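The file model29.txt contains compact mmCIF, C-alpha atoms and all ligand atoms:
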# COMPACT_ATOMS: atom_id res chain seq x y z
CA MET D 1 -3.56 5.96 11.98
CA SER D 2 -3.58 7.91 8.74
CA ALA D 3 -6.59 7.92 6.45
CA ALA D 4 -4.64 9.80 3.75
CA SER D 5 -4.38 8.43 0.25
CA VAL D 6 -4.00 9.69 -3.28
CA ASN D 7 -7.05 9.38 -5.47
CA VAL D 8 -6.63 6.65 -8.08
CA PRO D 9 -9.03 6.97 -11.04
CA ALA D 10 -10.94 3.73 -11.65
CA GLU D 11 -9.26 3.13 -15.01
CA LEU D 12 -5.80 3.27 -13.37
CA ARG D 13 -6.57 0.89 -10.52
CA PRO D 14 -5.74 -2.38 -12.34
CA TRP D 15 -2.13 -3.46 -11.87
CA THR D 16 -1.99 -4.34 -15.58
CA VAL D 17 -2.41 -0.65 -16.55
CA ARG D 18 0.82 1.38 -16.63
CA PHE D 19 0.81 4.34 -14.22
CA PRO D 20 4.40 5.70 -13.98
CA GLU D 21 3.36 8.82 -12.00
CA TYR D 22 1.68 6.73 -9.28
CA ALA D 23 2.80 8.14 -5.90
CA PRO D 24 0.92 6.34 -3.12
CA VAL D 25 0.93 7.61 0.47
CA ASP D 26 2.61 5.50 3.18
CA VAL D 27 -0.01 4.72 5.85
CA THR D 28 2.30 2.83 8.24
CA PRO D 29 1.67 4.18 11.77
CA PRO D 30 4.72 5.00 13.97
CA GLU D 31 4.39 1.77 15.99
CA LEU D 32 4.73 -0.38 12.85
CA ARG D 33 7.77 1.42 11.48
CA PRO D 34 10.96 -0.69 11.51
CA ASP D 35 12.49 1.02 14.58
CA ALA D 36 9.41 0.39 16.78
CA LEU D 37 8.01 -2.77 15.23
CA ALA D 38 9.67 -5.28 17.58
CA GLU D 39 7.68 -3.93 20.57
CA HIS D 40 4.40 -4.86 18.91
CA VAL D 41 5.24 -8.37 17.70
CA PRO D 42 3.29 -10.67 17.70
CA GLU D 43 0.14 -9.07 19.24
CA TRP D 44 -0.15 -6.07 16.96
CA ALA D 45 1.86 -7.13 13.98
CA GLU D 46 3.91 -9.78 12.25
CA ALA D 47 7.64 -9.21 12.51
CA ALA D 48 8.48 -8.54 8.83
CA SER D 49 8.99 -4.84 8.19
CA SER D 50 8.37 -5.42 4.46
CA PRO D 51 6.71 -8.25 2.49
CA GLY D 52 10.14 -9.01 0.98
CA GLU D 53 11.25 -10.43 4.37
CA ILE D 54 8.64 -13.18 4.16
CA SER D 55 9.84 -16.38 2.48
CA ARG D 56 8.36 -17.72 -0.76
CA GLU D 57 7.43 -20.89 1.07
CA GLU D 58 5.42 -18.90 3.61
CA TRP D 59 3.65 -16.98 0.82
CA ARG D 60 2.79 -20.29 -0.84
CA ARG D 61 1.34 -21.53 2.46
CA ARG D 62 -0.75 -18.36 2.85
CA LEU D 63 -2.01 -18.50 -0.74
CA HIS D 64 -3.21 -22.01 -0.05
CA HIS D 65 -5.52 -20.68 2.71
CA THR D 66 -6.49 -17.41 1.08
CA VAL D 67 -10.08 -16.11 0.91
CA VAL D 68 -9.48 -13.92 -2.17
CA PRO D 69 -6.55 -15.05 -4.37
CA PHE D 70 -3.87 -12.45 -5.03
CA LEU D 71 -0.81 -11.91 -7.22
CA PHE D 72 2.74 -10.65 -6.62
CA ASP D 73 4.59 -7.75 -8.25
CA ALA D 74 8.04 -7.90 -9.86
CA ASP D 75 9.68 -7.56 -6.40
CA GLY D 76 7.74 -10.55 -5.07
CA TRP D 77 5.45 -8.35 -2.94
CA PRO D 78 1.76 -9.32 -2.73
CA VAL D 79 -0.55 -6.82 -4.44
CA ASN D 80 -4.06 -5.85 -3.44
CA PRO D 81 -6.56 -7.96 -5.42
CA THR D 82 -8.75 -4.88 -6.07
CA GLY D 83 -5.88 -2.94 -7.66
CA ARG D 84 -4.05 0.25 -6.66
CA THR D 85 -5.40 1.82 -3.46
CA GLY D 86 -3.35 5.04 -3.37
CA ARG D 87 -1.71 3.76 -0.15
CA VAL D 88 1.37 1.70 0.63
CA GLY D 89 2.88 0.44 3.88
CA ARG D 90 1.00 -1.49 6.52
CA ASN D 91 -1.64 -0.47 9.06
CA LEU D 92 -2.77 -4.04 9.71
CA LYS D 93 -1.33 -7.05 11.47
CA LYS D 94 -0.02 -8.85 8.39
CA TRP D 95 1.29 -8.15 4.91
CA GLY D 96 -1.01 -9.44 2.19
CA GLU D 97 -4.40 -10.78 3.22
CA ASN D 98 -5.67 -10.22 6.78
CA GLN D 99 -8.62 -12.52 7.39
CA ALA D 100 -11.55 -11.26 9.44
CA ALA D 101 -14.91 -12.85 10.25
CA ASP D 102 -18.19 -11.01 10.78
CA PRO D 103 -21.32 -12.35 12.50
CA LEU D 104 -24.49 -10.92 10.94
CA VAL D 105 -27.14 -11.48 13.61
CA PHE D 106 -30.81 -10.84 12.94
CA ALA D 107 -33.51 -11.30 15.59
CA GLY D 108 -37.30 -11.16 15.32
CA GLN D 109 -39.55 -11.42 12.29
CA GLY D 110 -41.19 -9.05 9.78
CA GLU D 111 -41.66 -5.49 11.04
CA ASP D 112 -39.98 -6.43 14.33
CA ARG D 113 -36.79 -7.71 12.75
CA HIS D 114 -33.58 -6.14 14.11
CA VAL D 115 -29.88 -6.49 13.32
CA LEU D 116 -27.08 -6.46 15.87
CA LEU D 117 -24.53 -3.68 15.25
CA ILE D 118 -21.66 -2.26 17.23
CA GLN D 119 -20.12 1.17 17.09
CA ARG D 120 -16.43 0.82 16.19
CA ASP D 121 -14.16 2.53 18.69
CA ASP D 122 -11.69 3.63 15.95
CA THR D 123 -13.91 5.19 13.26
CA GLY D 124 -17.17 5.66 15.22
CA GLU D 125 -19.07 3.89 12.42
CA TRP D 126 -21.68 1.21 13.06
CA ALA D 127 -20.72 -2.24 11.83
CA MET D 128 -21.15 -5.97 12.23
CA PRO D 129 -19.40 -7.07 15.44
CA GLY D 130 -16.52 -8.83 13.66
CA GLY D 131 -12.79 -9.06 14.08
CA MET D 132 -9.62 -10.70 12.87
CA VAL D 133 -9.27 -14.48 12.76
CA ASP D 134 -6.78 -15.62 15.42
CA PRO D 135 -4.16 -18.28 14.57
CA GLY D 136 -5.69 -21.76 14.57
CA GLU D 137 -9.28 -20.50 14.50
CA ASN D 138 -11.93 -21.57 12.02
CA PRO D 139 -13.68 -18.28 11.09
CA GLU D 140 -17.23 -19.61 10.90
CA ARG D 141 -16.97 -21.92 13.87
CA ASP D 142 -14.71 -20.03 16.27
CA THR D 143 -14.06 -16.39 15.31
CA VAL D 144 -17.64 -15.18 14.84
CA ALA D 145 -18.74 -16.67 18.19
CA ARG D 146 -15.69 -15.27 20.02
CA GLU D 147 -16.10 -11.79 18.53
CA LEU D 148 -19.81 -11.77 19.39
CA ARG D 149 -19.02 -12.65 23.00
CA GLU D 150 -16.21 -10.09 23.25
CA GLU D 151 -18.01 -7.20 21.56
CA THR D 152 -21.64 -7.75 22.64
CA ALA D 153 -21.60 -10.34 25.49
CA LEU D 154 -23.92 -12.52 23.37
CA ASP D 155 -23.03 -16.22 23.43
CA LEU D 156 -24.25 -18.04 20.31
CA SER D 157 -21.52 -20.69 20.39
CA HIS D 158 -24.20 -23.43 20.54
CA LEU D 159 -25.52 -22.39 17.08
CA LYS D 160 -24.06 -23.15 13.65
CA PRO D 161 -24.42 -20.06 11.47
CA THR D 162 -24.80 -20.00 7.68
CA VAL D 163 -21.84 -18.69 5.69
CA LEU D 164 -23.31 -15.84 3.63
CA THR D 165 -20.20 -14.80 1.72
CA ARG D 166 -16.41 -14.72 1.74
CA ARG D 167 -15.12 -11.51 0.23
CA TYR D 168 -12.77 -8.54 0.17
CA VAL D 169 -13.64 -5.76 2.66
CA ASP D 170 -13.09 -2.15 1.62
CA ASP D 171 -11.44 -1.44 5.00
CA HIS D 172 -10.03 2.05 5.68
CA ARG D 173 -6.67 0.48 6.72
CA ALA D 174 -6.06 -1.33 3.41
CA SER D 175 -3.06 -0.54 1.24
CA ASP D 176 -1.50 -1.94 -1.94
CA HIS D 177 0.33 -4.60 0.11
CA ALA D 178 -1.94 -5.31 3.11
CA TRP D 179 -5.74 -5.67 3.06
CA VAL D 180 -8.75 -7.32 4.73
CA THR D 181 -11.08 -10.13 3.64
CA THR D 182 -13.96 -11.53 5.63
CA THR D 183 -16.18 -14.55 6.12
CA VAL D 184 -19.70 -13.32 6.92
CA CYS D 185 -21.92 -15.69 8.91
CA VAL D 186 -25.67 -15.21 9.39
CA TYR D 187 -27.65 -16.07 12.51
CA HIS D 188 -31.41 -15.56 12.73
CA LEU D 189 -32.89 -15.65 16.25
CA ALA D 190 -36.59 -15.83 17.04
CA HIS D 191 -36.38 -13.27 19.86
CA ILE D 192 -34.15 -10.33 20.72
CA PRO D 193 -31.69 -11.27 23.49
CA ALA D 194 -29.96 -8.86 25.88
CA ILE D 195 -26.57 -7.53 24.82
CA GLN D 196 -23.87 -5.34 26.29
CA ALA D 197 -21.02 -3.51 24.54
CA GLY D 198 -17.65 -5.09 25.34
CA ASP D 199 -14.25 -3.40 25.69
CA ASP D 200 -13.61 -3.40 21.93
CA ALA D 201 -16.85 -1.59 21.04
CA ALA D 202 -18.01 1.94 21.91
CA ASP D 203 -21.66 0.77 21.86
CA ALA D 204 -23.81 -2.20 20.79
CA ARG D 205 -27.47 -2.04 19.71
CA TRP D 206 -30.28 -3.93 18.08
CA VAL D 207 -31.18 -1.67 15.14
CA PRO D 208 -34.55 -2.09 13.32
CA ALA D 209 -33.90 -3.96 10.06
CA ALA D 210 -37.21 -4.98 8.49
CA ASP D 211 -35.70 -3.68 5.24
CA THR D 212 -32.94 -1.33 4.06
CA PRO D 213 -34.92 1.97 4.52
CA THR D 214 -35.89 0.88 8.05
CA LEU D 215 -32.24 0.24 8.87
CA ARG D 216 -31.27 3.67 7.51
CA ASP D 217 -34.00 5.32 9.64
CA GLY D 218 -32.89 3.32 12.68
CA LEU D 219 -29.33 4.53 12.29
CA ASP D 220 -30.50 8.12 11.66
CA ALA D 221 -32.43 7.93 14.94
CA ILE D 222 -29.18 7.28 16.86
CA GLY D 223 -27.13 9.65 14.66
CA GLY D 224 -25.15 6.68 13.39
CA VAL D 225 -23.29 6.08 10.14
CA LEU D 226 -23.10 2.55 8.76
CA HIS D 227 -19.61 1.22 7.92
CA ALA D 228 -19.86 1.56 4.11
CA ALA D 229 -18.06 -1.72 3.44
CA HIS D 230 -20.61 -3.63 5.56
CA SER D 231 -23.70 -2.01 4.02
CA PRO D 232 -24.00 -4.28 0.93
CA VAL D 233 -23.33 -7.37 3.02
CA ILE D 234 -26.12 -6.51 5.48
CA ALA D 235 -28.47 -5.95 2.51
CA GLN D 236 -27.39 -9.34 1.12
CA GLY D 237 -28.09 -10.90 4.52
CA MET D 238 -31.62 -9.45 4.54
CA ASP D 239 -32.23 -10.84 1.05
CA HIS D 240 -30.95 -14.18 2.20
CA ILE D 241 -33.24 -14.48 5.22
CA ASN D 242 -36.13 -13.18 3.11
CA GLY D 243 -35.48 -16.26 0.97
CA HIS D 244 -34.32 -14.37 -2.10
CA ILE D 245 -30.74 -15.49 -2.54
CA PRO D 246 -28.73 -18.48 -1.40
CA ALA D 247 -25.72 -18.14 0.85
CA ALA D 248 -22.34 -19.71 0.18
CA ALA D 249 -22.04 -23.29 1.39
CA PRO D 250 -20.21 -23.66 4.73
CA ARG D 251 -16.74 -25.19 4.45
CA TYR D 252 -16.96 -27.47 7.48
C1 LIG D 301 -13.59 -4.95 9.02
O1 LIG D 301 -12.90 -4.71 10.25
C2 LIG D 301 -13.96 -6.42 9.05
O2 LIG D 301 -15.11 -6.67 8.26
C3 LIG D 301 -14.20 -6.65 10.52
O3 LIG D 301 -15.50 -6.24 10.89
C4 LIG D 301 -13.21 -5.72 11.21
C5 LIG D 301 -11.95 -6.40 11.68
O4 LIG D 301 -11.04 -5.47 12.21
P1 LIG D 301 -10.92 -5.21 13.79
O5 LIG D 301 -12.31 -4.87 14.28
O6 LIG D 301 -10.44 -6.48 14.41
O7 LIG D 301 -9.98 -4.08 13.90
O8 LIG D 301 -12.79 -4.66 7.95
Show the structure stored in the file as structure tokens.
Amino acid sequence: MSAASVNVPAELRPWTVRFPEYAPVDVTPPELRPDALAEHVPEWAEAASSPGEISREEWRRRLHHTVVPFLFDADGWPVNPTGRTGRVGRNLKKWGENQAADPLVFAGQGEDRHVLLIQRDDTGEWAMPGGMVDPGENPERDTVARELREETALDLSHLKPTVLTRRYVDDHRASDHAWVTTTVCVYHLAHIPAIQAGDDAADARWVPAADTPTLRDGLDAIGGVLHAAHSPVIAQGMDHINGHIPAAAPRY
């Protein structure tokens, strides 16, 4: 995995702004390059070695189910809805939008409130225990419960969470032609249940989360860094369970 990218000034990010000198870095890892791709299909990646190999009909189908709508460039390639990233190629399963789902689990009340975080085994950052939506899954009904079980051994499949938001994730793997969106679902438990880190996570913990400073102190205490893209969502989740802002309405 390469984290390299060229810096794109904010005013040059929009696709509508001309930027003839733009020279993005290709972040495609060796296993997703055309000569090796077939070995990793379908588990790791979809078979197309460029977005141009995907039919218009298939793009239409995907747009119909998209979380964040996106446009196409003059070659018919999907372009990142947040603009130029400084990266091209693919370091994700699919071209275009890759849908994830993230359970945001709080337990306890007031000063005793905690949030469930895992330590990612790729970046070492602490994050919500989410993952990619598998084919045929409903993110808020199936994916969040499955990811929770796999990453923390916590089974909340008997509960219906609240959909907090559906949004773009500023994921380190994103490029101009492949990116991540997520559906974030909130659970609030009365008591703190036992958890255990699964194979996909380096660690799993209940971190104090009475408010944002408490969460920061809790992470400092374990020498942890919060996944930057998840930080505003966790703050939004705290506001939501404090009764300050409404969540998005569930789709099912
Ligand atoms: C983040 O990466 C998403 O918000 C989600 O937490 C996660 C999905 O990727 P994997 O953990 O499946 O690699 O962007």
Could you list, as a PyMOL selection string, every residue within 7 Å of Ala197 of chain D, counting only C-alpha atoms and ignoring same-chain residues fewer than 2 positions away?
chain D and resi 151-153+195+199+201-204
With only C-alpha atoms and all ligand atoms counted and 7 Å as the cut-off, give the residues of chain D in contact with ligand LIG 301 (chain D), each with its shortest interatomic distance in Å and the pair that gives it, as CSV.
residue,atom,partner,partner_atom,distance
D:Ala100,CA,D:LIG301,C5,5.4
D:Ala101,CA,D:LIG301,C3,6.2
D:Asp102,CA,D:LIG301,O3,5.5
D:Ala127,CA,D:LIG301,O3,6.6
D:Met128,CA,D:LIG301,O3,5.8
D:Pro129,CA,D:LIG301,O3,6.0
D:Gly130,CA,D:LIG301,O3,3.9
D:Gly131,CA,D:LIG301,O6,3.5
D:Met132,CA,D:LIG301,O6,4.6
D:Val169,CA,D:LIG301,O8,5.5
D:Asp170,CA,D:LIG301,O8,6.8
D:Asp171,CA,D:LIG301,O8,4.6
D:Val180,CA,D:LIG301,O8,5.8
D:Thr182,CA,D:LIG301,O2,5.6
D:His230,CA,D:LIG301,O2,6.8
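Excluding Gly89 of chain D itself and any same-chain residue fewer than 5 positions from it, the protein and nucleic acid residues within 8 Å of it, counting all atoms listed in the file, are Asp26, Val27, Thr28, Ser175, Asp176, His177 and Ala178 of chain D.
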Find the spatial neighbours of segment 56-63 of chain D, counting all atoms listed in the file, within a cut-off of 9 Å - ignore same-chain residues fewer than 3 positions away - and output them as a PDB file with C-alpha atoms, in the frame of the given file.
ATOM      1  CA  THR D  66      -6.490 -17.410   1.080  1.00  0.00           C
ATOM      2  CA  VAL D  67     -10.080 -16.110   0.910  1.00  0.00           C
ATOM      3  CA  VAL D  68      -9.480 -13.920  -2.170  1.00  0.00           C
ATOM      4  CA  PRO D  69      -6.550 -15.050  -4.370  1.00  0.00           C
ATOM      5  CA  PHE D  70      -3.870 -12.450  -5.030  1.00  0.00           C
ATOM      6  CA  GLY D  76       7.740 -10.550  -5.070  1.00  0.00           C
ATOM      7  CA  PRO D  78       1.760  -9.320  -2.730  1.00  0.00           C
ATOM      8  CA  GLY D  96      -1.010  -9.440   2.190  1.00  0.00           C
ATOM      9  CA  GLU D  97      -4.400 -10.780   3.220  1.00  0.00           C
TER      10      GLU D  97
END
Residue neighbourhood Pro30 of chain D, 12 Å, all atoms listed in the file, exclusion window fewer than 2 positions, as an NGL selection string
:D and (1-2 or 26-28 or 32-40 or 89-91)
So which one's closest to Arg166 of chain D, D:Ala221, D:Gln99, D:Arg146, D:Ala107? Using only C-alpha atoms, please.
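For Arg166 of chain D, the nearest of the candidates is D:Gln99.
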Can you work out which one of D:Arg113, D:Arg87, D:His191, D:Arg167 has the shortest atom-to-atom distance to Val233 of chain D, counting only C-alpha atoms?
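Of D:Arg113, D:Arg87, D:His191, D:Arg167, the one nearest Val233 of chain D is D:Arg167, counting only C-alpha atoms.
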